[in-house]
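Below is coords-v4.txt, which holds compact mmCIF, C-alpha atoms and all ligand atoms.
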```
# COMPACT_ATOMS: atom_id res chain seq x y z
CA MET J 17 99.00 69.44 116.11
CA SER J 18 99.81 67.31 119.10
CA ILE J 19 102.96 67.87 121.08
CA LYS J 20 105.12 64.74 121.16
CA VAL J 21 105.98 64.08 124.78
CA GLY J 22 108.75 61.59 125.45
CA VAL J 23 108.18 60.19 128.93
CA VAL J 24 111.52 58.94 130.25
CA PHE J 25 111.53 56.51 133.18
CA GLY J 26 113.31 53.57 134.82
CA GLY J 27 117.09 53.83 134.87
CA GLU J 28 119.89 52.61 137.08
CA THR J 29 118.51 53.49 140.52
CA VAL J 30 117.14 51.74 143.59
CA GLU J 31 113.88 53.48 142.71
CA HIS J 32 113.65 51.89 139.25
CA GLU J 33 110.35 50.10 139.87
CA VAL J 34 108.81 53.11 141.58
CA SER J 35 109.66 55.16 138.53
CA ILE J 36 107.90 52.66 136.26
CA ILE J 37 104.77 52.96 138.40
CA SER J 38 104.89 56.77 138.44
CA ALA J 39 105.44 56.94 134.68
CA VAL J 40 102.74 54.43 133.72
CA GLN J 41 100.28 56.28 135.95
CA ALA J 42 101.19 59.59 134.30
CA MET J 43 101.04 58.19 130.75
CA ASN J 44 97.51 57.03 131.47
CA LYS J 45 96.53 60.52 132.53
CA LEU J 46 98.09 62.67 129.81
CA ASN J 47 95.53 64.43 127.63
CA LEU J 48 95.54 62.56 124.32
CA GLU J 49 93.90 65.45 122.50
CA LYS J 50 96.95 67.57 123.17
CA TYR J 51 99.80 65.11 123.43
CA ASP J 52 101.24 62.12 121.64
CA ILE J 53 102.85 59.95 124.28
CA ILE J 54 106.16 58.35 123.49
CA PRO J 55 107.28 56.05 126.32
CA ILE J 56 111.05 55.89 126.75
CA TYR J 57 112.04 53.20 129.21
CA ILE J 58 115.64 52.98 130.46
CA THR J 59 116.57 49.50 131.69
CA LYS J 60 118.72 48.95 134.76
CA ASP J 61 121.64 48.41 132.39
CA ARG J 62 121.05 51.78 130.76
CA GLU J 63 119.51 50.71 127.47
CA TRP J 64 116.75 52.96 126.10
CA TYR J 65 113.59 51.34 124.72
CA THR J 66 110.48 52.75 123.11
CA GLY J 67 107.20 51.21 121.98
CA ASP J 68 103.51 51.56 122.77
CA MET J 69 103.39 48.44 124.93
CA LEU J 70 105.56 50.29 127.48
CA LYS J 71 102.42 52.16 128.57
CA ASP J 72 101.11 48.94 130.10
CA ILE J 73 102.33 47.93 133.58
CA GLU J 74 101.96 44.21 132.76
CA ILE J 75 104.88 44.24 130.32
CA TYR J 76 107.36 44.97 133.14
CA LYS J 77 106.74 41.58 134.68
CA ASP J 78 108.81 40.04 131.90
CA MET J 79 111.79 42.06 130.72
CA SER J 80 112.47 39.67 127.86
CA LEU J 81 109.24 40.88 126.20
CA ILE J 82 110.54 44.44 126.24
CA LYS J 83 113.84 43.39 124.71
CA LYS J 84 111.98 41.39 122.07
CA TYR J 85 109.17 43.77 121.08
CA GLY J 86 110.47 47.18 122.15
CA LYS J 87 112.77 49.27 119.99
CA ASN J 88 116.25 49.86 121.38
CA VAL J 89 116.89 53.55 120.64
CA VAL J 90 119.07 56.57 121.25
CA LEU J 91 117.94 60.18 121.55
CA TYR J 92 119.51 62.30 118.91
CA TYR J 93 119.37 65.65 117.13
CA LYS J 94 119.01 65.12 113.41
CA ASP J 95 118.12 67.48 110.55
CA GLY J 96 116.52 70.04 112.83
CA ASN J 97 114.50 67.54 114.87
CA TYR J 98 114.92 65.63 118.10
CA VAL J 99 114.47 61.99 117.28
CA LEU J 100 114.59 58.52 118.72
CA GLN J 101 116.68 56.49 116.37
CA ASN J 102 117.29 52.77 116.29
CA LYS J 103 120.47 52.08 118.19
CA ASN J 104 121.40 49.17 115.98
CA PHE J 105 121.51 48.82 112.23
CA PRO J 106 119.55 50.05 110.27
CA LYS J 107 119.74 53.31 112.19
CA THR J 108 116.34 54.58 111.14
CA VAL J 109 114.27 57.17 112.97
CA VAL J 110 111.56 55.59 115.12
CA SER J 111 109.90 58.80 116.29
CA ASP J 112 110.25 62.56 116.66
CA VAL J 113 110.09 64.00 120.15
CA ASP J 114 109.24 67.62 121.01
CA ILE J 115 109.78 67.61 124.74
CA ILE J 116 111.07 65.13 127.30
CA PHE J 117 109.14 64.50 130.51
CA PRO J 118 111.51 62.81 132.98
CA ILE J 119 109.67 60.63 135.50
CA VAL J 120 112.72 59.05 137.08
CA HIS J 121 113.51 58.87 140.76
CA GLY J 122 116.85 58.95 142.52
CA THR J 123 120.33 58.49 141.14
CA ASN J 124 121.12 58.56 137.42
CA GLY J 125 117.93 60.42 136.57
CA GLU J 126 116.46 62.77 139.13
CA ASP J 127 119.93 63.90 140.19
CA GLY J 128 120.91 66.04 137.21
CA THR J 129 122.53 63.33 135.12
CA LEU J 130 119.56 62.93 132.78
CA GLN J 131 118.99 66.69 132.75
CA GLY J 132 122.62 67.23 131.73
CA TYR J 133 122.26 64.75 128.91
CA LEU J 134 119.06 66.39 127.67
CA GLN J 135 120.60 69.81 127.87
CA MET J 136 123.63 68.68 125.85
CA ILE J 137 121.32 67.40 123.15
CA GLY J 138 119.36 70.66 123.40
CA ILE J 139 115.86 69.22 123.71
CA PRO J 140 113.25 70.96 125.93
CA TYR J 141 112.44 69.06 129.10
CA VAL J 142 110.06 69.20 132.03
CA GLY J 143 111.23 69.90 135.59
CA SER J 144 114.30 71.13 137.36
CA ASN J 145 117.46 71.92 135.42
CA VAL J 146 120.89 70.44 136.01
CA TYR J 147 121.84 72.67 138.92
CA SER J 148 118.65 72.31 140.95
CA SER J 149 118.46 68.59 140.25
CA VAL J 150 121.98 67.99 141.54
CA VAL J 151 121.36 69.97 144.70
CA GLY J 152 117.97 68.33 145.15
CA GLN J 153 119.58 64.91 145.31
CA ASP J 154 122.49 65.70 147.60
CA LYS J 155 121.19 66.15 151.14
CA VAL J 156 124.37 68.02 152.16
CA TYR J 157 124.30 70.53 149.30
CA MET J 158 120.61 71.19 149.84
CA LYS J 159 121.03 71.70 153.59
CA ASP J 160 124.01 74.02 153.13
CA ILE J 161 122.03 76.19 150.73
CA TRP J 162 118.90 76.19 152.88
CA ALA J 163 120.94 77.02 155.99
CA GLU J 164 122.37 80.01 154.14
CA ALA J 165 118.82 81.04 153.23
CA GLY J 166 117.87 80.93 156.90
CA LEU J 167 115.51 77.95 156.72
CA SER J 168 115.08 76.03 159.95
CA MET J 169 116.55 72.53 159.97
CA THR J 170 118.08 70.01 162.34
CA LYS J 171 121.74 70.40 163.32
CA TYR J 172 124.01 68.27 161.14
CA VAL J 173 127.56 67.31 160.29
CA TRP J 174 128.86 65.52 157.22
CA PHE J 175 132.03 63.78 156.10
CA TYR J 176 133.54 61.65 153.35
CA ASP J 177 134.06 57.89 153.70
CA VAL J 178 137.82 58.30 153.09
CA ASP J 179 138.18 60.69 156.03
CA TYR J 180 136.19 58.36 158.24
CA LYS J 181 138.41 55.44 157.26
CA LYS J 182 141.52 57.50 157.97
CA ASP J 183 140.39 58.76 161.38
CA SER J 184 137.07 57.47 162.66
CA ASP J 185 137.74 58.88 166.16
CA LYS J 186 137.72 62.38 164.77
CA ILE J 187 134.39 61.77 163.06
CA VAL J 188 132.88 60.36 166.26
CA LYS J 189 134.14 63.48 168.03
CA ASP J 190 132.60 65.77 165.40
CA VAL J 191 129.28 63.97 165.76
CA SER J 192 129.45 64.43 169.53
CA LYS J 193 128.70 68.12 168.92
CA LEU J 194 125.18 66.95 168.11
CA LYS J 195 122.63 65.80 170.64
CA TYR J 196 121.88 62.06 170.56
CA PRO J 197 119.82 60.33 169.20
CA VAL J 198 121.15 61.11 165.73
CA ILE J 199 120.25 59.78 162.32
CA VAL J 200 122.88 58.65 159.82
CA LYS J 201 122.16 59.00 156.10
CA PRO J 202 124.04 58.44 152.87
CA ALA J 203 123.92 61.91 151.28
CA THR J 204 122.66 61.02 147.83
CA THR J 205 120.73 57.75 147.83
CA GLY J 206 116.98 58.01 148.31
CA SER J 207 114.21 55.79 149.65
CA SER J 208 115.66 55.45 153.14
CA VAL J 209 118.37 53.06 151.94
CA GLY J 210 121.32 52.95 154.38
CA ILE J 211 119.61 55.20 156.92
CA SER J 212 119.61 54.41 160.64
CA VAL J 213 118.84 56.04 163.96
CA VAL J 214 121.59 55.88 166.58
CA GLU J 215 120.57 56.20 170.20
CA LYS J 216 124.04 56.47 171.70
CA GLU J 217 127.63 56.98 170.65
CA GLU J 218 128.65 53.30 171.00
CA LYS J 219 126.37 52.43 168.11
CA LEU J 220 127.54 55.17 165.77
CA ILE J 221 130.30 53.21 164.02
CA GLU J 222 127.93 50.40 163.08
CA ALA J 223 125.51 52.87 161.46
CA ILE J 224 128.26 54.65 159.54
CA ASP J 225 129.73 51.35 158.34
CA ASP J 226 126.34 50.53 156.89
CA ALA J 227 125.80 53.94 155.29
CA ILE J 228 129.21 54.06 153.56
CA GLN J 229 128.27 51.03 151.52
CA TYR J 230 125.93 53.32 149.62
CA ASP J 231 127.73 56.62 149.39
CA ARG J 232 131.04 58.46 149.58
CA LYS J 233 129.39 61.23 151.53
CA ILE J 234 127.60 60.75 154.84
CA LEU J 235 125.28 63.07 156.72
CA VAL J 236 124.56 62.79 160.45
CA GLU J 237 121.83 64.91 161.98
CA GLU J 238 119.88 65.30 165.18
CA VAL J 239 116.66 63.35 165.45
CA VAL J 240 113.46 65.35 165.70
CA GLU J 241 111.50 64.23 168.76
CA ASN J 242 107.69 63.91 168.89
CA LEU J 243 107.88 63.53 165.15
CA GLN J 244 105.11 64.55 162.83
CA GLU J 245 106.04 64.27 159.14
CA VAL J 246 104.35 66.45 156.58
CA ASN J 247 104.87 66.93 152.87
CA ILE J 248 103.80 69.64 150.48
CA ALA J 249 104.32 70.09 146.75
CA VAL J 250 105.40 73.28 145.05
CA MET J 251 104.74 73.88 141.37
CA GLY J 252 106.31 76.56 139.21
CA ASN J 253 109.79 77.81 138.50
CA TYR J 254 111.98 80.62 139.78
CA GLU J 255 109.42 83.16 138.62
CA HIS J 256 106.12 81.86 140.04
CA GLN J 257 105.36 79.22 142.65
CA LYS J 258 102.20 77.78 144.10
CA VAL J 259 101.65 75.24 146.84
CA SER J 260 99.56 72.09 147.10
CA GLU J 261 97.66 70.75 150.10
CA ILE J 262 99.80 69.40 152.94
CA GLU J 263 99.76 65.69 153.75
CA GLU J 264 100.80 63.98 156.94
CA VAL J 265 102.67 60.72 156.49
CA ILE J 266 102.11 58.06 159.07
CA SER J 267 104.73 55.38 159.49
CA THR J 268 104.56 52.08 161.31
CA ASN J 269 108.33 52.13 161.89
CA LYS J 270 110.58 54.61 163.62
CA PHE J 271 111.11 56.25 160.30
CA LEU J 272 109.63 55.80 156.84
CA THR J 273 111.38 52.86 155.25
CA TYR J 274 111.54 51.72 151.66
CA ALA J 275 108.95 49.09 152.58
CA ASP J 276 106.61 51.66 154.12
CA LYS J 277 106.76 53.69 151.00
CA TYR J 278 106.43 51.16 148.27
CA ILE J 279 105.80 47.62 149.37
CA SER J 280 102.50 46.35 150.70
CA GLY J 281 102.53 44.99 154.20
CA GLY J 282 105.56 46.87 155.49
CA LYS J 283 108.98 45.67 156.57
CA GLY J 284 108.28 42.08 157.55
CA LYS J 285 107.34 41.07 154.05
CA LEU J 286 110.30 42.63 152.32
CA LYS J 287 112.29 39.40 152.15
CA GLY J 288 109.47 37.20 150.85
CA LYS J 289 109.45 36.18 147.24
CA GLN J 290 106.03 37.62 146.73
CA GLN J 291 107.12 41.11 147.68
CA ARG J 292 104.75 43.26 145.77
CA ILE J 293 105.36 46.81 144.75
CA ASN J 294 102.33 48.75 145.75
CA SER J 295 100.59 49.70 142.54
CA LYS J 296 100.06 53.25 143.69
CA GLY J 297 103.60 53.94 144.89
CA MET J 298 103.84 56.93 147.21
CA ALA J 299 100.19 57.75 146.57
CA SER J 300 99.07 55.07 148.96
CA ALA J 301 101.45 55.37 151.92
CA ASN J 302 99.47 55.77 155.15
CA ARG J 303 98.53 59.39 155.21
CA LYS J 304 96.24 62.07 156.50
CA LEU J 305 95.21 64.53 153.85
CA PRO J 306 95.04 67.34 154.73
CA ALA J 307 97.53 67.10 157.57
CA ASP J 308 96.39 67.81 161.06
CA LEU J 309 98.23 71.09 161.63
CA PRO J 310 97.48 74.28 163.50
CA GLU J 311 96.88 77.20 161.13
CA LYS J 312 100.15 78.88 162.09
CA LEU J 313 102.28 75.83 161.26
CA HIS J 314 100.34 75.25 158.06
CA LYS J 315 101.32 78.74 156.92
CA GLU J 316 104.89 78.26 158.04
CA VAL J 317 105.24 75.05 156.02
CA GLU J 318 103.83 76.76 152.92
CA GLU J 319 106.15 79.72 153.21
CA MET J 320 109.22 77.62 153.92
CA ALA J 321 108.40 75.34 150.98
CA ILE J 322 108.20 78.23 148.53
CA LYS J 323 111.42 79.72 149.79
CA ALA J 324 113.21 76.35 149.63
CA PHE J 325 112.00 75.70 146.08
CA LYS J 326 112.95 79.14 144.86
CA VAL J 327 116.40 79.30 146.41
CA LEU J 328 117.35 76.01 144.71
CA GLY J 329 116.05 77.33 141.38
CA SER J 330 113.73 74.34 141.11
CA SER J 331 111.17 73.93 138.37
CA GLY J 332 108.17 71.74 137.61
CA ASN J 333 106.51 70.08 140.55
CA SER J 334 108.61 69.12 143.57
CA ARG J 335 107.60 67.65 146.90
CA ILE J 336 109.19 69.18 149.97
CA ASP J 337 109.23 67.16 153.18
CA PHE J 338 109.17 68.55 156.69
CA LEU J 339 109.77 67.17 160.16
CA ILE J 340 107.79 68.72 162.98
CA ASP J 341 108.34 68.46 166.71
CA SER J 342 104.66 68.39 167.57
CA LYS J 343 105.20 69.20 171.23
CA LYS J 344 107.39 72.22 170.63
CA ASN J 345 105.46 73.19 167.47
CA LYS J 346 108.80 73.55 165.71
CA VAL J 347 109.08 72.99 161.96
CA TYR J 348 112.26 71.69 160.29
CA ILE J 349 112.72 71.32 156.58
CA ASN J 350 114.00 67.84 155.68
CA GLU J 351 114.41 67.41 151.94
CA ILE J 352 113.17 68.15 148.44
CA ASN J 353 112.17 65.53 145.90
CA SER J 354 112.52 67.14 142.47
CA ILE J 355 110.52 64.35 140.85
CA PRO J 356 108.33 62.93 143.60
CA GLY J 357 106.72 59.48 143.52
CA SER J 358 103.42 59.61 141.62
CA LEU J 359 104.37 63.25 140.91
CA ALA J 360 102.52 63.95 144.17
CA PHE J 361 99.32 64.27 142.11
CA TYR J 362 97.16 63.44 145.15
CA LEU J 363 98.32 66.63 146.87
CA TRP J 364 97.12 68.74 143.94
CA GLU J 365 93.75 67.00 143.65
CA GLU J 366 92.92 68.48 147.04
CA LYS J 367 93.42 71.91 145.52
CA GLY J 368 91.10 71.12 142.63
CA ILE J 369 93.87 70.37 140.12
CA ASN J 370 93.36 66.92 138.63
CA TYR J 371 96.24 64.74 137.44
CA THR J 372 95.62 65.53 133.76
CA SER J 373 95.82 69.28 134.26
CA LEU J 374 98.80 68.91 136.62
CA LEU J 375 100.71 67.16 133.82
CA GLU J 376 99.69 69.87 131.36
CA ASP J 377 100.82 72.61 133.74
CA MET J 378 104.16 70.86 134.19
CA ILE J 379 104.69 70.60 130.43
CA ASN J 380 103.83 74.27 129.98
CA ILE J 381 106.36 75.24 132.63
CA GLY J 382 108.96 73.10 130.82
CA ILE J 383 108.25 74.94 127.57
CA LYS J 384 108.58 78.31 129.35
CA ASP J 385 111.91 77.25 130.89
CA TYR J 386 113.16 76.24 127.47
CA LYS J 387 112.21 79.58 125.94
CA LYS J 388 113.87 81.37 128.81
CA ARG J 389 117.03 79.36 128.26
CA LEU J 390 117.03 80.27 124.58
CA SER J 391 116.56 83.94 125.41
CA LYS J 392 119.79 84.04 127.42
CA THR J 393 123.06 84.45 125.60
CA SER J 394 125.11 81.32 126.04
CA SER J 395 127.63 81.65 123.20
CA PHE J 396 128.99 84.25 120.82
CA GLU J 397 128.86 84.25 117.03
CA SER J 398 132.38 85.60 116.70
CA ASN J 399 135.24 83.19 116.87
CA ILE J 400 138.14 84.75 118.70
CA LEU J 401 140.30 81.79 117.79
CA LYS J 402 140.25 82.61 114.07
CA ASN J 403 143.19 84.99 114.53
CA PHE J 404 145.06 82.51 116.68
CA THR J 405 148.51 81.50 115.49
CA ALA J 406 150.42 78.67 117.06
CA ASN J 407 153.51 80.74 117.91
CA GLY J 408 152.28 84.27 118.35
CA GLY J 409 149.06 83.68 120.24
CA LEU J 410 146.22 86.04 119.41
CA LYS J 411 147.45 88.73 117.01
CA GLY J 412 146.53 92.15 118.25
CA ALA J 413 144.61 90.72 121.16
CA LYS J 414 147.62 90.30 123.42
CA GLY J 415 147.06 91.67 126.86
CA LYS J 416 143.35 92.10 126.36
CA LEU J 417 142.63 88.53 127.23
CA ARG J 418 144.33 88.55 130.57
N1 LIG G 501 116.23 64.32 161.67
C1 LIG G 501 115.29 63.37 161.67
N2 LIG G 501 114.59 63.13 162.79
C2 LIG G 501 113.65 62.16 162.84
N3 LIG G 501 113.35 61.38 161.81
C3 LIG G 501 114.01 61.58 160.65
C4 LIG G 501 115.01 62.58 160.53
N4 LIG G 501 115.49 62.54 159.28
C5 LIG G 501 114.83 61.57 158.65
N5 LIG G 501 113.94 60.99 159.45
C6 LIG G 501 113.04 59.86 159.10
O1 LIG G 501 113.69 59.07 158.13
C7 LIG G 501 112.98 59.06 156.89
C8 LIG G 501 113.93 59.04 155.73
O2 LIG G 501 114.79 60.14 155.74
P1 LIG G 501 114.95 61.12 154.49
O3 LIG G 501 113.60 61.52 154.04
O4 LIG G 501 115.87 62.19 154.88
O5 LIG G 501 115.68 60.25 153.42
P2 LIG G 501 115.10 59.38 152.18
O6 LIG G 501 113.71 58.99 152.48
O7 LIG G 501 116.09 58.34 151.91
O8 LIG G 501 115.05 60.28 150.98
P3 LIG G 501 113.95 60.18 149.84
O9 LIG G 501 112.70 60.72 150.48
O10 LIG G 501 114.51 60.98 148.76
O11 LIG G 501 113.75 58.78 149.47
C9 LIG G 501 112.08 60.28 156.96
O12 LIG G 501 110.93 60.10 156.17
C10 LIG G 501 111.76 60.33 158.45
O13 LIG G 501 110.76 59.39 158.80
MG MG G 502 112.36 61.20 152.45
```
For the structure just supplied, provide its representation as C-alpha cells.
Ligand SMILES: Nc1ncnc2c1ncn2[C@@H]1O[C@H](COP(=O)(O)OP(=O)(O)OP(=O)(O)O)[C@@H](O)[C@H]1O
Ligand SMILES: [Mg+2]
Amino acid sequence: MSIKVGVVFGGETVEHEVSIISAVQAMNKLNLEKYDIIPIYITKDREWYTGDMLKDIEIYKDMSLIKKYGKNVVLYYKDGNYVLQNKNFPKTVVSDVDIIFPIVHGTNGEDGTLQGYLQMIGIPYVGSNVYSSVVGQDKVYMKDIWAEAGLSMTKYVWFYDVDYKKDSDKIVKDVSKLKYPVIVKPATTGSSVGISVVEKEEKLIEAIDDAIQYDRKILVEEVVENLQEVNIAVMGNYEHQKVSEIEEVISTNKFLTYADKYISGGKGKLKGKQQRINSKGMASANRKLPADLPEKLHKEVEEMAIKAFKVLGSSGNSRIDFLIDSKKNKVYINEINSIPGSLAFYLWEEKGINYTSLLEDMINIGIKDYKKRLSKTSSFESNILKNFTANGGLKGAKGKLR
C-alpha cells in the first residue's frame, strides 16, 4: 500500500515562490510506486488548497485557477485518520494523509510554526521538529547555541528595535566593539532581505533603519574578508548524520542577494516587469561543485556541519552555509537552512544519491522521528485533578505537590 505524502508548500513568506519551485520539483521526483502525492498549497493569505493540478508549475501563473479548481481544505484528525477536509460546507473528507512533507522556506513554515501546528494535530512529518526549526530560523539563537558548542563564527552583537529606538548611541557604541566593515541582518528573515554591509560607523544607522523594517531583532557581525562561500548538506537526525558534497557559491555582488539566488540576470533586472523566477531555484545559482577547497578545510567543514546539525537537534536534510577567509584559511559557520531551496538535491547527487532516493530517505527519517516521539512519555494516564475540590485543593495530596 502506498504511503500518502502530503507535500505542504507556499505560505506567507518572502520565499513563497521559491517554495513552489522546490515543492513542484520534489513532487515530480517522488517514487510513485511507493507514495501517493497529495499537494497541499498554502496561499499568501494562509488558505490551504489541494488538487492534482497543483503538481504543475503552470497553474501558479494564475491564482484564480487554483481558487476555482482547487479544493480549499483544512488538515484534521478524524475517526483515527489524518484527513484533508473541505473547509466550507459540505465538510467532506477530500483525502487521507499519512505523513506531511513540509517544503516551505522562511517565516511561517520553515521556522517552527508549521511544525508546531502539525505536532498539535499529531501527524507524522518530515524534517526538523519545532525546537530545531525555531532555532534554525533565528540567526541569533543559532549563533548563541553554536558559540556555546565551540563552533567558529564571526564576532557579533544583537539588539531589539525598541532598544535601538530608545538609545541608538548605545547600540552604535556596542557595535564599535566589532571591527568594521560589519554586516547588518534582520535576525529571522531569509533570502538576504534587509541585509547590508557597512564600511564605516557613519553608515551604520542607515543600515539598521533598513533592517528594522523587517524584524524586531537585529544582528550585526564582522565581515569575513577574502570571502569564499561554501555550503554542505547534512542528512539524518540526532542519532545519525551524513554529509553531502560541498559546493562553492559564486556571487556577482558583494554578497548573495535575493536576485542572485532566485531571479535570472541578477540585481539589475529585479525591478522589471518580466522578472522571472529561475525555474531551478537555488539549484542553479553560480556554483562550483565540488568546491575548490584544500583537503584540511574540506574536512573541517564536514565536521563542523555535523556538529552544528546535531547540537540544534535538526532532522531531515539541512543545508549549512560557511564563510571562509581564503587567505587565512579560516572557516566560519554562517547559518543553517532547515529546508533548503531545492532540498539541496544537487549536493547529494554528487555523492551518488539521486533526488528520488533522497526524498525517500527523508521520509524514512520522518517516520523514525515520529516513532521515537511516540516512544517517549509525554502524558500520564492518571488524572490528578479527579480528587480536586474547589475549596480544599487536592485531598490527601497537600504538600506533595509543592
Ligand atoms: N559575516 C559575513 N561576512 C561576509 N559576507 C557575509 C557575512 N554574512 C553574510 N554574508 C553574505 O551575505 C549573504 C546573506 O547572508 P545570510 O546567509 O546570513 O542571510 P540570508 O541569505 O538572508 O539567509 P538565508 O540563506 O536563510 O536566505 C551570504 O550569503 C554572504 O554572501
Ligand atoms: Mg544565506
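Taking CA of Thr170 (chain J) and atom C5 of ligand LIG 501 (chain G) as endpoints, the distance between them is 9.8 Å.
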If I take CA of Gly67 (chain J) and CA of Ile54 (chain J), how far is one from the other in Å, to one decimal? 7.4 Å
What's the 6 Å shell around region 259-266 of chain J, counting only C-alpha atoms, without same-chain residues fewer than 2 positions away, as a CSV table (one decimal) with C-alpha atoms, keeping the file's coordinate frame?
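result08.csv, written as the output of this step:
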```
chain,number,residue,atom,x,y,z
J,245,GLU,CA,106.0,64.3,159.1
J,246,VAL,CA,104.4,66.4,156.6
J,247,ASN,CA,104.9,66.9,152.9
J,248,ILE,CA,103.8,69.6,150.5
J,249,ALA,CA,104.3,70.1,146.8
J,250,VAL,CA,105.4,73.3,145.0
J,302,ASN,CA,99.5,55.8,155.2
J,303,ARG,CA,98.5,59.4,155.2
J,304,LYS,CA,96.2,62.1,156.5
J,305,LEU,CA,95.2,64.5,153.8
J,306,PRO,CA,95.0,67.3,154.7
J,307,ALA,CA,97.5,67.1,157.6
J,363,LEU,CA,98.3,66.6,146.9
J,364,TRP,CA,97.1,68.7,143.9
```
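With all atoms listed in the file as the atoms that count, the minimum distance from Trp64 (chain J) to the choices J:Asp52, J:Gly26, J:Leu81, J:Lys402 is reached by J:Gly26.
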Using all atoms listed in the file: which of J:Tyr371, J:Ile234, J:Tyr92, J:Val146 has the shortest distance to Ile187 (chain J): J:Ile234
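Here CA of Thr66 (chain J) stands at a distance of 15.6 Å from CA of Ser35 (chain J).
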Within 9 Å of ligand LIG 501 (chain G), counting all atoms listed in the file, which protein or nucleic acid residues do you find, written as a JSON list (two decimals) with C-alpha atoms, keeping the file's coordinate frame?
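As written to disk, pocket31.json reads:
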```
[["chain", "number", "residue", "atom", "x", "y", "z"],
["J", 31, "GLU", "CA", 113.88, 53.48, 142.71],
["J", 121, "HIS", "CA", 113.51, 58.87, 140.76],
["J", 122, "GLY", "CA", 116.85, 58.95, 142.52],
["J", 152, "GLY", "CA", 117.97, 68.33, 145.15],
["J", 153, "GLN", "CA", 119.58, 64.91, 145.31],
["J", 155, "LYS", "CA", 121.19, 66.15, 151.14],
["J", 169, "MET", "CA", 116.55, 72.53, 159.97],
["J", 170, "THR", "CA", 118.08, 70.01, 162.34],
["J", 171, "LYS", "CA", 121.74, 70.40, 163.32],
["J", 172, "TYR", "CA", 124.01, 68.27, 161.14],
["J", 197, "PRO", "CA", 119.82, 60.33, 169.20],
["J", 198, "VAL", "CA", 121.15, 61.11, 165.73],
["J", 199, "ILE", "CA", 120.25, 59.78, 162.32],
["J", 200, "VAL", "CA", 122.88, 58.65, 159.82],
["J", 201, "LYS", "CA", 122.16, 59.00, 156.10],
["J", 202, "PRO", "CA", 124.04, 58.44, 152.87],
["J", 203, "ALA", "CA", 123.92, 61.91, 151.28],
["J", 204, "THR", "CA", 122.66, 61.02, 147.83],
["J", 205, "THR", "CA", 120.73, 57.75, 147.83],
["J", 206, "GLY", "CA", 116.98, 58.01, 148.31],
["J", 207, "SER", "CA", 114.21, 55.79, 149.65],
["J", 208, "SER", "CA", 115.66, 55.45, 153.14],
["J", 209, "VAL", "CA", 118.37, 53.06, 151.94],
["J", 210, "GLY", "CA", 121.32, 52.95, 154.38],
["J", 211, "ILE", "CA", 119.61, 55.20, 156.92],
["J", 212, "SER", "CA", 119.61, 54.41, 160.64],
["J", 213, "VAL", "CA", 118.84, 56.04, 163.96],
["J", 236, "VAL", "CA", 124.56, 62.79, 160.45],
["J", 237, "GLU", "CA", 121.83, 64.91, 161.98],
["J", 238, "GLU", "CA", 119.88, 65.30, 165.18],
["J", 239, "VAL", "CA", 116.66, 63.35, 165.45],
["J", 240, "VAL", "CA", 113.46, 65.35, 165.70],
["J", 241, "GLU", "CA", 111.50, 64.23, 168.76],
["J", 242, "ASN", "CA", 107.69, 63.91, 168.89],
["J", 243, "LEU", "CA", 107.88, 63.53, 165.15],
["J", 244, "GLN", "CA", 105.11, 64.55, 162.83],
["J", 245, "GLU", "CA", 106.04, 64.27, 159.14],
["J", 265, "VAL", "CA", 102.67, 60.72, 156.49],
["J", 266, "ILE", "CA", 102.11, 58.06, 159.07],
["J", 267, "SER", "CA", 104.73, 55.38, 159.49],
["J", 269, "ASN", "CA", 108.33, 52.13, 161.89],
["J", 270, "LYS", "CA", 110.58, 54.61, 163.62],
["J", 271, "PHE", "CA", 111.11, 56.25, 160.30],
["J", 272, "LEU", "CA", 109.63, 55.80, 156.84],
["J", 273, "THR", "CA", 111.38, 52.86, 155.25],
["J", 274, "TYR", "CA", 111.54, 51.72, 151.66],
["J", 277, "LYS", "CA", 106.76, 53.69, 151.00],
["J", 337, "ASP", "CA", 109.23, 67.16, 153.18],
["J", 338, "PHE", "CA", 109.17, 68.55, 156.69],
["J", 339, "LEU", "CA", 109.77, 67.17, 160.16],
["J", 340, "ILE", "CA", 107.79, 68.72, 162.98],
["J", 348, "TYR", "CA", 112.26, 71.69, 160.29],
["J", 350, "ASN", "CA", 114.00, 67.84, 155.68],
["J", 351, "GLU", "CA", 114.41, 67.41, 151.94],
["J", 352, "ILE", "CA", 113.17, 68.15, 148.44],
["J", 353, "ASN", "CA", 112.17, 65.53, 145.90],
["J", 356, "PRO", "CA", 108.33, 62.93, 143.60]]
```
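Each of J:Ile381, J:Leu313, J:Val327, J:Ile349 was checked against ligand MG 502 (chain G) using all atoms listed in the file; the smallest atom-to-atom distance is that of J:Ile349.
Of the residues under consideration (J:Thr405, J:Lys107, J:Arg335, J:Lys392), J:Arg335 shows the shortest atom-to-atom contact distance to ligand MG 502 (chain G) when counting all atoms listed in the file.
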Among the residues J:Ile36, J:Ala163, J:Val214, J:Ile119, the one that comes closest to Ser144 (chain J) [using only C-alpha atoms]: J:Ile119
